[in-house]
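model-v4.cif, holding mmCIF, C-alpha atoms:
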```
data_coords
#
loop_
_atom_site.label_atom_id
_atom_site.label_comp_id
_atom_site.auth_asym_id
_atom_site.auth_seq_id
_atom_site.Cartn_x
_atom_site.Cartn_y
_atom_site.Cartn_z
CA MET B 7 0.00 0.00 0.00
CA LYS B 8 1.21 3.53 -0.79
CA ASP B 9 1.44 6.21 1.89
CA GLY B 10 -1.99 7.25 3.05
CA ILE B 11 -3.81 4.43 1.30
CA GLY B 12 -4.42 1.66 3.80
CA MET B 13 -7.06 -1.00 4.25
CA ASN B 14 -9.25 1.61 5.97
CA GLU B 15 -9.59 3.42 2.64
CA PHE B 16 -11.62 0.54 1.28
CA LEU B 17 -12.86 -1.28 4.31
CA ASP B 18 -14.56 -0.28 7.54
CA LEU B 19 -12.23 -2.28 9.78
CA ASP B 20 -13.98 -1.09 12.92
CA ALA B 21 -17.32 -2.49 11.72
CA LEU B 22 -15.59 -5.64 10.46
CA TRP B 23 -14.12 -6.72 13.80
CA LYS B 24 -17.41 -5.92 15.53
CA VAL B 25 -19.24 -8.17 13.04
CA LEU B 26 -16.67 -10.92 13.60
CA VAL B 27 -16.86 -10.86 17.39
CA THR B 28 -20.66 -10.45 17.55
CA SER B 29 -21.20 -13.25 15.02
CA LEU B 30 -18.94 -15.58 16.96
CA VAL B 31 -20.56 -14.82 20.31
CA ALA B 32 -24.13 -14.96 18.96
CA GLY B 33 -23.74 -17.87 16.53
CA VAL B 34 -21.69 -20.10 18.79
CA GLY B 35 -23.61 -18.97 21.88
CA LEU B 36 -26.97 -19.84 20.33
CA ALA B 37 -25.76 -23.28 19.26
CA THR B 38 -24.21 -23.92 22.69
CA LEU B 39 -27.30 -22.86 24.65
CA PHE B 40 -29.60 -24.97 22.51
CA SER B 41 -27.29 -27.97 22.87
CA LEU B 42 -27.21 -27.53 26.65
CA ALA B 43 -31.02 -27.36 26.62
CA LEU B 44 -31.14 -30.74 24.85
CA VAL B 45 -28.68 -32.18 27.38
CA GLY B 46 -30.85 -30.90 30.23
CA LEU B 47 -34.08 -32.21 28.74
CA SER B 48 -32.65 -35.65 28.14
CA SER B 49 -31.17 -35.92 31.65
CA GLY B 50 -34.56 -36.81 33.16
CA ARG B 51 -33.81 -34.74 36.28
CA VAL B 52 -35.89 -31.78 37.46
CA SER B 53 -32.78 -29.60 37.72
CA GLY B 54 -31.87 -30.61 34.18
CA ARG B 55 -35.28 -29.57 32.90
CA ALA B 56 -35.09 -26.29 34.79
CA GLY B 57 -31.67 -25.60 33.29
CA ALA B 58 -33.00 -26.50 29.85
CA GLY B 59 -35.87 -24.05 30.33
CA ALA B 60 -33.42 -21.31 31.28
CA CYS B 61 -31.26 -22.06 28.22
CA LEU B 62 -34.28 -21.96 25.90
CA LEU B 63 -35.38 -18.65 27.44
CA LEU B 64 -31.93 -17.24 26.71
CA VAL B 65 -32.13 -18.57 23.13
CA ALA B 66 -35.52 -16.85 22.69
CA ALA B 67 -34.14 -13.63 24.17
CA GLY B 68 -31.15 -13.82 21.82
CA ILE B 69 -33.43 -14.25 18.81
CA GLY B 70 -35.55 -11.31 19.95
CA LEU B 71 -32.44 -9.18 20.40
CA GLY B 72 -31.16 -10.22 16.97
CA LEU B 73 -34.42 -9.25 15.28
CA TYR B 74 -34.54 -5.97 17.18
CA THR B 75 -30.97 -5.01 16.29
CA MET B 76 -31.47 -5.92 12.62
CA LEU B 77 -34.64 -3.85 12.35
CA ALA B 78 -33.21 -0.98 14.39
CA ALA B 79 -30.25 -0.81 11.99
CA MET X 24 -49.88 6.09 -22.14
CA ASP X 25 -46.92 8.29 -23.13
CA ALA X 26 -43.45 6.99 -23.96
CA ASP X 27 -41.91 7.87 -20.58
CA THR X 28 -44.64 6.07 -18.66
CA LEU X 29 -44.25 3.04 -20.91
CA LEU X 30 -40.48 3.05 -20.33
CA LEU X 31 -41.03 3.24 -16.58
CA ALA X 32 -43.51 0.36 -16.77
CA VAL X 33 -40.94 -1.84 -18.55
CA VAL X 34 -38.30 -0.96 -15.95
CA VAL X 35 -40.70 -1.76 -13.09
CA ALA X 36 -41.64 -5.09 -14.73
CA THR X 37 -37.93 -5.96 -15.15
CA ALA X 38 -37.28 -5.07 -11.50
CA LEU X 39 -40.09 -7.37 -10.36
CA VAL X 40 -38.80 -10.21 -12.57
CA PHE X 41 -35.35 -9.68 -11.02
CA ASP X 42 -36.97 -9.79 -7.57
CA PHE X 43 -38.65 -13.07 -8.49
CA THR X 44 -35.32 -14.61 -9.56
CA ASN X 45 -33.74 -13.25 -6.37
CA GLY X 46 -36.35 -15.21 -4.44
CA PHE X 47 -35.99 -18.54 -6.18
CA HIS X 48 -32.21 -18.24 -6.38
CA ASP X 49 -31.94 -17.62 -2.65
CA THR X 50 -34.50 -20.12 -1.29
CA ALA X 51 -31.48 -22.34 -0.77
CA ASN X 52 -29.85 -19.91 1.65
CA ALA X 53 -32.41 -20.54 4.35
CA MET X 54 -33.88 -23.90 3.47
CA ALA X 55 -31.27 -26.07 1.73
CA THR X 56 -29.96 -27.64 4.94
CA SER X 57 -33.47 -28.12 6.41
CA ILE X 58 -34.54 -29.92 3.24
CA ALA X 59 -31.34 -31.99 3.13
CA THR X 60 -31.70 -33.21 6.72
CA GLY X 61 -35.43 -33.83 6.39
CA ALA X 62 -36.27 -31.27 9.09
CA LEU X 63 -38.83 -29.96 6.62
CA GLY X 64 -40.28 -31.51 3.49
CA PRO X 65 -39.27 -29.67 0.31
CA ARG X 66 -42.71 -28.16 -0.32
CA ALA X 67 -43.26 -27.23 3.33
CA ALA X 68 -39.82 -25.58 3.41
CA VAL X 69 -40.38 -23.33 0.40
CA THR X 70 -43.90 -22.44 1.58
CA LEU X 71 -42.63 -21.42 5.03
CA SER X 72 -39.72 -19.51 3.50
CA ALA X 73 -42.02 -17.70 1.05
CA ALA X 74 -44.37 -16.61 3.84
CA LEU X 75 -41.46 -15.33 5.95
CA ASN X 76 -39.86 -13.54 3.01
CA PHE X 77 -43.20 -11.84 2.36
CA ALA X 78 -43.55 -10.81 6.01
CA GLY X 79 -39.91 -9.74 6.21
CA ALA X 80 -40.36 -7.32 3.33
CA PHE X 81 -42.74 -5.27 5.48
CA LEU X 82 -40.62 -5.24 8.62
CA SER X 83 -38.20 -2.54 7.57
CA LEU X 84 -38.99 0.18 5.08
CA GLU X 85 -35.58 1.80 5.08
CA VAL X 86 -35.23 1.74 1.31
CA ALA X 87 -31.89 0.34 0.20
CA ALA X 88 -31.46 2.67 -2.77
CA THR X 89 -27.76 2.74 -1.91
CA ILE X 90 -27.48 -0.57 -3.75
CA ALA X 91 -26.99 1.50 -6.87
CA THR X 92 -26.36 5.06 -5.73
CA GLY X 93 -23.50 4.15 -3.42
CA ILE X 94 -21.38 2.67 -6.16
CA VAL X 95 -22.03 4.99 -9.11
CA GLU X 96 -22.54 8.75 -9.36
CA THR X 97 -26.25 9.54 -8.93
CA GLY X 98 -26.24 11.91 -11.90
CA ALA X 99 -25.33 9.03 -14.22
CA ILE X 100 -28.45 7.03 -13.34
CA THR X 101 -31.11 7.14 -16.02
CA LEU X 102 -34.05 4.83 -16.60
CA THR X 103 -32.13 3.01 -19.32
CA VAL X 104 -29.14 2.51 -17.01
CA VAL X 105 -31.41 1.09 -14.28
CA PHE X 106 -33.06 -1.19 -16.84
CA ALA X 107 -29.75 -2.41 -18.31
CA GLY X 108 -28.37 -2.98 -14.79
CA LEU X 109 -31.39 -5.13 -13.94
CA VAL X 110 -30.93 -7.14 -17.13
CA GLY X 111 -27.29 -7.77 -16.17
CA GLY X 112 -28.28 -8.96 -12.69
CA LEU X 113 -31.13 -11.03 -14.07
CA ALA X 114 -28.91 -12.78 -16.63
CA TRP X 115 -26.34 -13.74 -13.99
CA ASN X 116 -29.04 -14.96 -11.60
CA LEU X 117 -30.54 -17.22 -14.26
CA LEU X 118 -27.22 -18.54 -15.52
CA THR X 119 -25.96 -19.43 -12.05
CA TRP X 120 -29.36 -21.00 -11.23
CA TYR X 121 -29.06 -23.20 -14.33
CA PHE X 122 -25.66 -24.45 -13.17
CA GLY X 123 -26.88 -24.72 -9.57
CA ILE X 124 -24.36 -22.23 -8.21
CA PRO X 125 -25.33 -20.16 -5.16
CA SER X 126 -24.42 -16.60 -6.11
CA SER X 127 -25.15 -13.15 -4.71
CA SER X 128 -28.11 -11.39 -6.37
CA SER X 129 -26.97 -8.08 -4.85
CA HIS X 130 -23.53 -8.39 -6.41
CA ALA X 131 -25.12 -9.34 -9.74
CA LEU X 132 -27.35 -6.25 -9.63
CA ILE X 133 -24.43 -4.03 -8.66
CA GLY X 134 -22.37 -5.52 -11.51
CA GLY X 135 -25.17 -4.85 -14.00
CA VAL X 136 -25.55 -1.24 -12.88
CA VAL X 137 -21.77 -0.69 -12.93
CA GLY X 138 -21.48 -2.08 -16.47
CA ALA X 139 -24.37 0.01 -17.78
CA THR X 140 -23.06 3.16 -16.07
CA LEU X 141 -19.54 2.53 -17.31
CA ILE X 142 -20.58 2.47 -20.93
CA ALA X 143 -23.21 5.22 -20.53
CA ALA X 144 -21.21 7.76 -18.52
CA GLY X 145 -17.58 6.59 -18.47
CA THR X 146 -15.20 5.54 -15.73
CA SER X 147 -15.52 8.82 -13.82
CA ALA X 148 -19.07 7.83 -12.80
CA ILE X 149 -17.87 4.66 -11.05
CA LYS X 150 -16.81 4.76 -7.41
CA ILE X 151 -14.00 2.19 -7.48
CA GLY X 152 -13.26 2.43 -3.75
CA GLU X 153 -16.89 1.72 -2.89
CA ILE X 154 -16.91 -1.34 -5.16
CA VAL X 155 -13.77 -2.71 -3.55
CA GLY X 156 -15.02 -1.99 -0.02
CA LYS X 157 -18.68 -2.97 -0.45
CA VAL X 158 -18.47 -5.79 -2.98
CA LEU X 159 -15.07 -7.36 -3.60
CA LEU X 160 -13.57 -7.54 -0.10
CA PRO X 161 -16.86 -8.58 1.57
CA ALA X 162 -17.16 -11.37 -1.03
CA VAL X 163 -13.99 -12.83 0.48
CA LEU X 164 -14.71 -11.96 4.11
CA ALA X 165 -18.35 -13.16 4.29
CA PRO X 166 -17.70 -16.86 3.73
CA LEU X 167 -14.58 -16.81 5.91
CA THR X 168 -16.51 -15.28 8.82
CA ALA X 169 -19.35 -17.77 8.41
CA ILE X 170 -16.92 -20.70 8.11
CA ALA X 171 -15.25 -19.71 11.40
CA VAL X 172 -18.56 -19.37 13.29
CA ALA X 173 -20.15 -22.52 11.85
CA THR X 174 -17.03 -24.67 12.35
CA LEU X 175 -16.81 -23.79 16.03
CA GLY X 176 -20.59 -24.05 16.46
CA THR X 177 -20.74 -27.48 14.84
CA TYR X 178 -17.82 -28.80 16.90
CA LEU X 179 -19.45 -27.65 20.14
CA VAL X 180 -22.89 -28.95 19.20
CA TYR X 181 -21.54 -32.49 18.69
CA ARG X 182 -19.24 -32.27 21.69
CA LEU X 183 -21.92 -31.07 24.11
CA THR X 184 -24.68 -33.43 23.00
CA ARG X 185 -22.64 -36.64 22.78
CA SER X 186 -24.49 -38.03 25.83
CA VAL X 187 -27.95 -37.24 24.43
CA PRO X 188 -29.72 -40.28 22.93
CA GLU X 189 -29.64 -40.21 19.12
CA ARG X 190 -33.41 -39.95 18.64
CA ALA X 191 -33.83 -37.08 21.13
CA ARG X 192 -30.88 -35.26 19.59
CA GLU X 193 -32.25 -35.68 16.09
CA ARG X 194 -35.72 -34.47 17.09
CA GLY X 195 -34.36 -31.52 19.07
CA PHE X 196 -32.07 -30.24 16.36
CA ARG X 197 -34.78 -30.66 13.73
CA LEU X 198 -36.97 -28.27 15.70
CA GLY X 199 -34.03 -25.92 16.25
CA GLN X 200 -33.19 -26.04 12.57
CA ILE X 201 -36.72 -25.02 11.58
CA GLY X 202 -36.44 -22.03 13.94
CA SER X 203 -33.01 -20.91 12.75
CA ALA X 204 -33.90 -21.40 9.07
CA SER X 205 -37.03 -19.31 9.62
CA LEU X 206 -34.87 -16.53 11.04
CA VAL X 207 -32.66 -16.57 7.93
CA SER X 208 -35.78 -16.45 5.70
CA LEU X 209 -37.15 -13.48 7.60
CA ALA X 210 -33.81 -11.67 7.41
CA HIS X 211 -33.63 -12.42 3.69
CA GLY X 212 -37.06 -10.89 3.06
CA THR X 213 -36.17 -7.84 5.12
CA ASN X 214 -32.90 -7.21 3.31
CA ASP X 215 -33.44 -8.43 -0.24
CA ALA X 216 -36.97 -7.24 -1.05
CA GLN X 217 -35.72 -3.75 -0.25
CA LYS X 218 -33.30 -3.96 -3.15
CA THR X 219 -36.18 -4.06 -5.60
CA MET X 220 -38.15 -1.45 -3.67
CA GLY X 221 -35.07 0.76 -3.86
CA VAL X 222 -34.57 0.19 -7.57
CA ILE X 223 -38.22 0.87 -8.43
CA THR X 224 -38.24 3.98 -6.25
CA LEU X 225 -35.04 5.12 -7.91
CA ALA X 226 -36.56 4.56 -11.36
CA MET X 227 -39.68 6.52 -10.40
CA ILE X 228 -37.56 9.40 -9.13
CA ALA X 229 -35.46 9.30 -12.33
CA ALA X 230 -38.69 9.36 -14.38
CA GLY X 231 -40.01 12.30 -12.37
CA THR X 232 -43.10 10.49 -11.10
CA LEU X 233 -41.83 10.65 -7.52
CA GLY X 234 -40.18 13.51 -5.67
CA GLU X 235 -36.58 13.00 -4.47
CA ASP X 236 -37.65 12.91 -0.83
CA ALA X 237 -40.77 10.83 -1.37
CA GLY X 238 -41.20 7.54 0.48
CA THR X 239 -41.75 4.20 -1.21
CA PRO X 240 -45.37 3.86 -2.41
CA LEU X 241 -47.36 1.04 -0.80
CA TRP X 242 -47.95 -0.75 -4.10
CA VAL X 243 -44.17 -0.95 -4.62
CA ILE X 244 -43.73 -2.56 -1.20
CA VAL X 245 -46.56 -5.04 -1.77
CA ALA X 246 -45.43 -5.90 -5.33
CA SER X 247 -41.79 -6.41 -4.25
CA ALA X 248 -42.81 -8.55 -1.29
CA ALA X 249 -45.12 -10.64 -3.47
CA ALA X 250 -42.50 -11.12 -6.23
CA ILE X 251 -39.75 -12.31 -3.88
CA ALA X 252 -42.20 -14.55 -2.00
CA LEU X 253 -43.51 -16.09 -5.21
CA GLY X 254 -39.96 -16.71 -6.42
CA THR X 255 -39.10 -18.32 -3.09
CA TYR X 256 -42.19 -20.54 -3.28
CA VAL X 257 -41.31 -21.72 -6.81
CA GLY X 258 -38.05 -22.94 -5.25
CA GLY X 259 -34.68 -22.82 -6.96
CA TRP X 260 -34.24 -26.58 -6.61
CA ARG X 261 -30.96 -26.64 -8.52
CA VAL X 262 -29.27 -24.28 -6.04
CA ILE X 263 -30.98 -25.98 -3.09
CA ARG X 264 -29.49 -29.32 -4.19
CA THR X 265 -25.96 -27.93 -4.53
CA LEU X 266 -26.04 -26.26 -1.13
CA GLY X 267 -27.88 -29.04 0.71
CA LYS X 268 -26.37 -32.14 -0.85
CA GLY X 269 -23.34 -31.09 -2.90
CA LEU X 270 -20.96 -29.26 -0.57
CA THR X 271 -21.10 -31.76 2.25
CA ASP X 272 -23.43 -34.42 3.67
CA ILE X 273 -25.41 -32.66 6.36
CA GLU X 274 -26.91 -34.07 9.56
CA THR X 275 -29.41 -32.16 11.72
CA PRO X 276 -26.86 -30.88 14.31
CA GLN X 277 -24.74 -29.53 11.43
CA GLY X 278 -27.79 -27.97 9.79
CA PHE X 279 -28.75 -26.28 13.03
CA ALA X 280 -25.22 -24.96 13.61
CA ALA X 281 -25.00 -23.73 10.00
CA GLU X 282 -28.33 -21.86 10.14
CA SER X 283 -27.53 -20.38 13.57
CA SER X 284 -24.21 -19.16 12.21
CA SER X 285 -25.89 -17.65 9.14
CA ALA X 286 -28.53 -15.88 11.21
CA ALA X 287 -25.92 -14.48 13.61
CA VAL X 288 -23.61 -13.20 10.85
CA ILE X 289 -26.50 -11.65 8.86
CA PHE X 290 -27.95 -9.91 11.92
CA ALA X 291 -24.52 -8.66 13.00
CA SER X 292 -23.63 -7.35 9.53
CA SER X 293 -27.00 -5.57 9.28
CA HIS X 294 -26.58 -3.99 12.69
CA PHE X 295 -23.04 -2.74 12.15
CA GLY X 296 -23.70 -1.61 8.58
CA PHE X 297 -21.11 -3.93 7.05
CA PRO X 298 -22.65 -5.32 3.87
CA LEU X 299 -22.29 -9.10 3.56
CA SER X 300 -24.10 -11.20 0.98
CA THR X 301 -26.65 -13.61 2.48
CA THR X 302 -25.63 -16.19 -0.12
CA HIS X 303 -21.93 -15.97 0.71
CA VAL X 304 -22.68 -16.20 4.43
CA CYS X 305 -24.98 -19.22 4.09
CA THR X 306 -22.59 -21.06 1.78
CA GLY X 307 -19.71 -20.39 4.18
CA SER X 308 -21.82 -21.73 7.05
CA VAL X 309 -22.49 -25.00 5.21
CA VAL X 310 -18.75 -25.42 4.54
CA GLY X 311 -18.08 -24.68 8.23
CA ALA X 312 -20.67 -27.29 9.24
CA GLY X 313 -18.71 -29.80 7.18
CA LEU X 314 -15.40 -28.80 8.71
CA GLY X 315 -16.68 -28.83 12.29
CA LYS X 316 -17.76 -32.46 12.29
CA ARG X 317 -15.07 -35.07 12.68
CA LEU X 318 -14.59 -37.19 9.57
CA ALA X 319 -17.11 -35.16 7.57
CA GLN X 320 -16.16 -34.47 4.00
CA VAL X 321 -16.28 -31.11 2.22
CA ARG X 322 -16.26 -31.35 -1.57
CA TRP X 323 -13.63 -28.71 -2.15
CA GLY X 324 -13.78 -28.91 -5.93
CA LEU X 325 -17.37 -27.67 -5.81
CA ALA X 326 -16.52 -25.02 -3.20
CA VAL X 327 -13.69 -23.69 -5.37
CA ARG X 328 -16.03 -23.51 -8.41
CA MET X 329 -18.46 -21.46 -6.33
CA GLY X 330 -15.68 -19.13 -5.18
CA ALA X 331 -14.61 -18.63 -8.79
CA ALA X 332 -18.21 -17.80 -9.78
CA TRP X 333 -18.37 -15.20 -7.00
CA LEU X 334 -15.22 -13.52 -8.32
CA VAL X 335 -16.67 -13.45 -11.83
CA THR X 336 -20.12 -12.19 -10.75
CA LEU X 337 -19.31 -8.49 -10.96
CA PRO X 338 -17.52 -8.43 -14.34
CA ALA X 339 -19.94 -10.92 -15.92
CA ALA X 340 -23.08 -9.02 -14.85
CA ALA X 341 -21.33 -5.77 -15.82
CA ALA X 342 -20.66 -7.10 -19.32
CA VAL X 343 -24.33 -8.02 -19.79
CA GLY X 344 -25.45 -4.69 -18.30
CA ALA X 345 -23.17 -2.82 -20.71
CA LEU X 346 -24.40 -4.89 -23.63
CA ALA X 347 -28.04 -4.28 -22.68
CA TRP X 348 -27.44 -0.53 -22.42
CA ALA X 349 -25.64 -0.47 -25.78
CA GLY X 350 -28.44 -2.48 -27.41
CA ALA X 351 -31.21 -0.31 -25.99
CA SER X 352 -29.39 2.94 -26.80
CA SER X 353 -28.47 1.98 -30.35
CA ILE X 354 -32.18 1.54 -31.18
CA GLY X 355 -33.21 4.32 -28.84
CA GLY X 356 -36.21 5.25 -26.75
CA VAL X 357 -38.91 2.91 -25.54
CA LEU X 358 -38.50 0.71 -28.59
CA GLY X 359 -34.84 0.02 -27.72
CA VAL X 360 -35.67 -0.92 -24.14
CA GLY X 361 -38.63 -2.99 -25.35
CA VAL X 362 -36.46 -4.94 -27.82
CA VAL X 363 -33.84 -5.71 -25.16
CA PHE X 364 -36.61 -6.68 -22.72
CA ALA X 365 -38.11 -9.05 -25.29
CA ALA X 366 -34.67 -10.54 -26.07
CA ALA X 367 -34.02 -11.05 -22.33
CA LEU X 368 -37.38 -12.81 -21.92
CA LEU X 369 -36.68 -15.03 -24.93
CA LEU X 370 -33.23 -16.06 -23.65
CA SER X 371 -34.67 -16.68 -20.16
CA GLY X 372 -37.34 -18.89 -21.68
CA LEU X 373 -34.73 -20.90 -23.59
CA LEU X 374 -32.69 -21.40 -20.42
CA TYR X 375 -35.82 -22.55 -18.61
CA LEU X 376 -36.56 -25.06 -21.38
CA ALA X 377 -32.96 -26.33 -21.22
CA ALA X 378 -33.35 -26.81 -17.46
CA ARG X 379 -36.62 -28.72 -17.99
CA ARG X 380 -34.73 -31.31 -20.04
CA ARG X 381 -32.62 -32.26 -17.03
CA PRO X 382 -34.78 -31.13 -14.14
CA VAL X 383 -34.12 -30.89 -10.44
CA HIS X 384 -37.38 -30.67 -8.49
CA ALA X 385 -38.96 -31.31 -5.11
CA GLY X 386 -39.10 -35.03 -5.89
CA ASN X 387 -35.38 -35.58 -6.57
CA VAL X 388 -33.68 -32.65 -4.83
CA ASN X 389 -32.61 -34.89 -1.93
CA ASP X 390 -31.29 -37.79 -4.03
CA GLU X 391 -27.75 -38.98 -3.33
CA TRP X 392 -25.04 -36.64 -4.68
CA SER X 393 -23.06 -38.54 -7.25
CA GLY X 394 -20.73 -35.83 -8.48
CA GLY X 395 -23.19 -33.95 -10.69
CA LEU X 396 -26.01 -31.50 -10.14
CA VAL X 397 -28.75 -33.45 -11.90
CA PRO X 398 -29.69 -36.70 -10.12
CA ALA X 399 -29.92 -39.96 -12.05
CA ARG X 400 -33.65 -40.11 -11.19
CA LEU X 401 -35.32 -37.35 -13.21
#
```
Please rewrite the model in this file as structure tokens.
Amino acid sequence: MKDGIGMNEFLDLDALWKVLVTSLVAGVGLATLFSLALVGLSSGRVSGRAGAGACLLLVAAGIGLGLYTMLAA
Amino acid sequence: MDADTLLLAVVVATALVFDFTNGFHDTANAMATSIATGALGPRAAVTLSAALNFAGAFLSLEVAATIATGIVETGAITLTVVFAGLVGGLAWNLLTWYFGIPSSSSHALIGGVVGATLIAAGTSAIKIGEIVGKVLLPAVLAPLTAIAVATLGTYLVYRLTRSVPERARERGFRLGQIGSASLVSLAHGTNDAQKTMGVITLAMIAAGTLGEDAGTPLWVIVASAAAIALGTYVGGWRVIRTLGKGLTDIETPQGFAAESSSAAVIFASSHFGFPLSTTHVCTGSVVGAGLGKRLAQVRWGLAVRMGAAWLVTLPAAAAVGALAWAGASSIGGVLGVGVVFAAALLLSGLLYLAARRRPVHAGNVNDEWSGGLVPARL
């Protein structure tokens, strides 16, 4: 790159890293919480079911937040 | 009806046809993995996706006119340029559908508009930096981001649920997959129907039938929503087959992780204003789902062909856009646009007939992948 012409000229690096981190947290988090919910449900214990319910609530909240942030953008 | 109104009508019709192809080209993004794993039957999947695309189109009315104005000088945009740009995007959408290649409709439209503007107004009307920043670099970054998220997600999903009985796991992830695929469909309707709304609004402003600060008319919103939903319902089975069966063999936990990854990346990119193609994200997620499962196989030859098609999207659509503009301008007026429109319809019809000879449909879309797009059972 010549002087004064960096990646920032073409690319919003600030937005890029935010997208990367948010995607990782949300995408992996959603998959993890749902998996833990399945583990809890299949455990057959009351505490497992309660934990599963909490995980599914968090998944629903995450989906709601995702929809809200997309529409607010 | 005067000549200008007739010209505008042809442009609006072309925009709605483009919207329709956008729908059937991109059904795969949300539903390919759900169809491949059997979480949803093929017909149920496209019906659900169509309904959510329709609803999504009404959720946000922030018109995405920047699809064209951000990359070329606004003064260079005429009705003929918009028309030629749409023809370029349309041609690329249909060609990639025929070969079953998932490809970005936004990038195809941008390519068409760039090609038409280039030949109509010269290189000074093109914003090269914007094209690099909003099209070329994101085309590389979108799949890489999705691959990273889906690989990690898939690994964790298998790791965490290894103690869950197979049947319970299968049933659970099927339900989860329907939810995450629905989210992707809704996001697709919200983002992609706006492209057509933006283009039609832009055409109406260029024709002087709408003021520069006017909002999008209700009929434009309804027509765009209906066109993308109808296209989605028709189902681009060729692209669905490539994405669901060709890239890797998908199980329900992988499908769930892939769709969750896609939804997360699309929502994040919308929120932070970093434009990523839904198609590139969803394709990257499917590759990531293949990488994240131990011993799963990704068919890299097919993935490389897709990557090559993405790199060619812009210049190929630009070439058609430029050709369409030159054809329409050489004849001139409404007649020129009408002739190009008729030629585009004729070529589209021929491509459709060619596809009918070796069809992929709801009945054979899930057949075993044996190296080629068209299954042995027609």
Contact check, chain B to chain X, at most 9 Å, counting all atoms listed in the file, closest pairs as a tab-separated table:
```
residue	atom	partner	partner_atom	distance
B:Glu15	CA	X:Gly152	CA	7.4
B:Phe16	CA	X:Gly156	CA	4.4
B:Leu17	CA	X:Gly156	CA	4.9
B:Asp18	CA	X:Phe297	CA	7.5
B:Ala21	CA	X:Phe295	CA	5.7
B:Leu22	CA	X:Phe297	CA	6.7
B:Lys24	CA	X:Phe295	CA	7.3
B:Val25	CA	X:Ala291	CA	5.3
B:Leu26	CA	X:Thr168	CA	6.5
B:Thr28	CA	X:Ala291	CA	6.2
B:Ser29	CA	X:Val288	CA	4.8
B:Leu30	CA	X:Val172	CA	5.3
B:Val31	CA	X:Ala287	CA	8.6
B:Ala32	CA	X:Ala287	CA	5.7
B:Gly33	CA	X:Ser284	CA	4.5
B:Val34	CA	X:Gly176	CA	4.7
B:Gly35	CA	X:Gly176	CA	8.0
B:Leu36	CA	X:Ser283	CA	6.8
B:Ala37	CA	X:Ala280	CA	5.9
B:Thr38	CA	X:Val180	CA	6.3
B:Phe40	CA	X:Gly199	CA	7.7
B:Ser41	CA	X:Val180	CA	5.8
B:Leu42	CA	X:Leu183	CA	6.9
B:Leu44	CA	X:Gly195	CA	6.7
B:Val45	CA	X:Val187	CA	5.9
B:Ser48	CA	X:Val187	CA	6.2
B:Ser49	CA	X:Val187	CA	8.0
B:Ile69	CA	X:Leu206	CA	8.2
B:Gly72	CA	X:Phe290	CA	6.0
B:Leu73	CA	X:Phe290	CA	7.3
B:Thr75	CA	X:His294	CA	5.8
B:Met76	CA	X:His294	CA	5.3
B:Leu77	CA	X:Ser83	CA	6.1
B:Ala78	CA	X:His294	CA	7.5
B:Ala79	CA	X:His294	CA	4.9
```
Which residues come within 12 Å of X:Met227, counting all atoms listed in the file, excluding same-chain residues fewer than 2 positions away, as a PyMOL selection string?
chain X and resi 27-35+38+88+100-102+105+220-225+229-240+243
Would you pick out the contacts of stretch 380-387 of chain X at 6 Å or less, using all atoms listed in the file, so that residues sharing its chain but fewer than 5 positions from it are not included, and give the list as a PyMOL selection string?
chain X and resi 65+260-261
Write the residues of the preceding selection, restricted to C-alpha atoms, as an mmCIF file, in the frame of the given file.
```cif
data_model
loop_
_atom_site.group_PDB
_atom_site.id
_atom_site.type_symbol
_atom_site.label_atom_id
_atom_site.label_comp_id
_atom_site.auth_asym_id
_atom_site.auth_seq_id
_atom_site.Cartn_x
_atom_site.Cartn_y
_atom_site.Cartn_z
ATOM 1 C CA PRO X 65 -39.270 -29.670 0.310
ATOM 2 C CA TRP X 260 -34.240 -26.580 -6.610
ATOM 3 C CA ARG X 261 -30.960 -26.640 -8.520
#
```
Explicit residue set for the PyMOL selection byres ((chain X and resi 108) around 6), as a PyMOL selection string
chain X and resi 104-107+109-111+135-136+139+344
Residue selection dump (C-alpha atoms) as a PDB file, keeping the file's coordinate frame:
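Once written, part15.pdb looks like this:
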```pdb
ATOM      1  CA  VAL X 104     -29.140   2.510 -17.010  1.00  0.00           C
ATOM      2  CA  VAL X 105     -31.410   1.090 -14.280  1.00  0.00           C
ATOM      3  CA  PHE X 106     -33.060  -1.190 -16.840  1.00  0.00           C
ATOM      4  CA  ALA X 107     -29.750  -2.410 -18.310  1.00  0.00           C
ATOM      5  CA  LEU X 109     -31.390  -5.130 -13.940  1.00  0.00           C
ATOM      6  CA  VAL X 110     -30.930  -7.140 -17.130  1.00  0.00           C
ATOM      7  CA  GLY X 111     -27.290  -7.770 -16.170  1.00  0.00           C
ATOM      8  CA  GLY X 135     -25.170  -4.850 -14.000  1.00  0.00           C
ATOM      9  CA  VAL X 136     -25.550  -1.240 -12.880  1.00  0.00           C
ATOM     10  CA  ALA X 139     -24.370   0.010 -17.780  1.00  0.00           C
ATOM     11  CA  GLY X 344     -25.450  -4.690 -18.300  1.00  0.00           C
TER      12      GLY X 344
END
```
Please evaluate the PyMOL selection byres ((chain X and resi 72) around 9) against the structure above and give the resulting residues as JSON, numbers by chain.
{"X": [50, 53, 54, 67, 68, 69, 70, 71, 73, 74, 75, 76, 77, 204, 205, 207, 208, 209, 252, 255, 256]}
Taking (-35.4, -27.8, 29.9) in the file's coordinates as the center, which residues reach within 12 Å of it, counting all atoms listed in the file, put as an MDAnalysis selection string?
(chainID B and resid 39:65) or (chainID X and resid 195)
Would you mind reading off the distance between atom CA of X:Ser126 and atom CA of X:Thr219, one decimal, in Å?
17.2 Å
Determine the residue membership of the PyMOL selection byres ((chain X and resi 357) around 9) for the file above and supply it as a PyMOL selection string.
chain X and resi 26-27+29-30+33+351+354-356+358-362
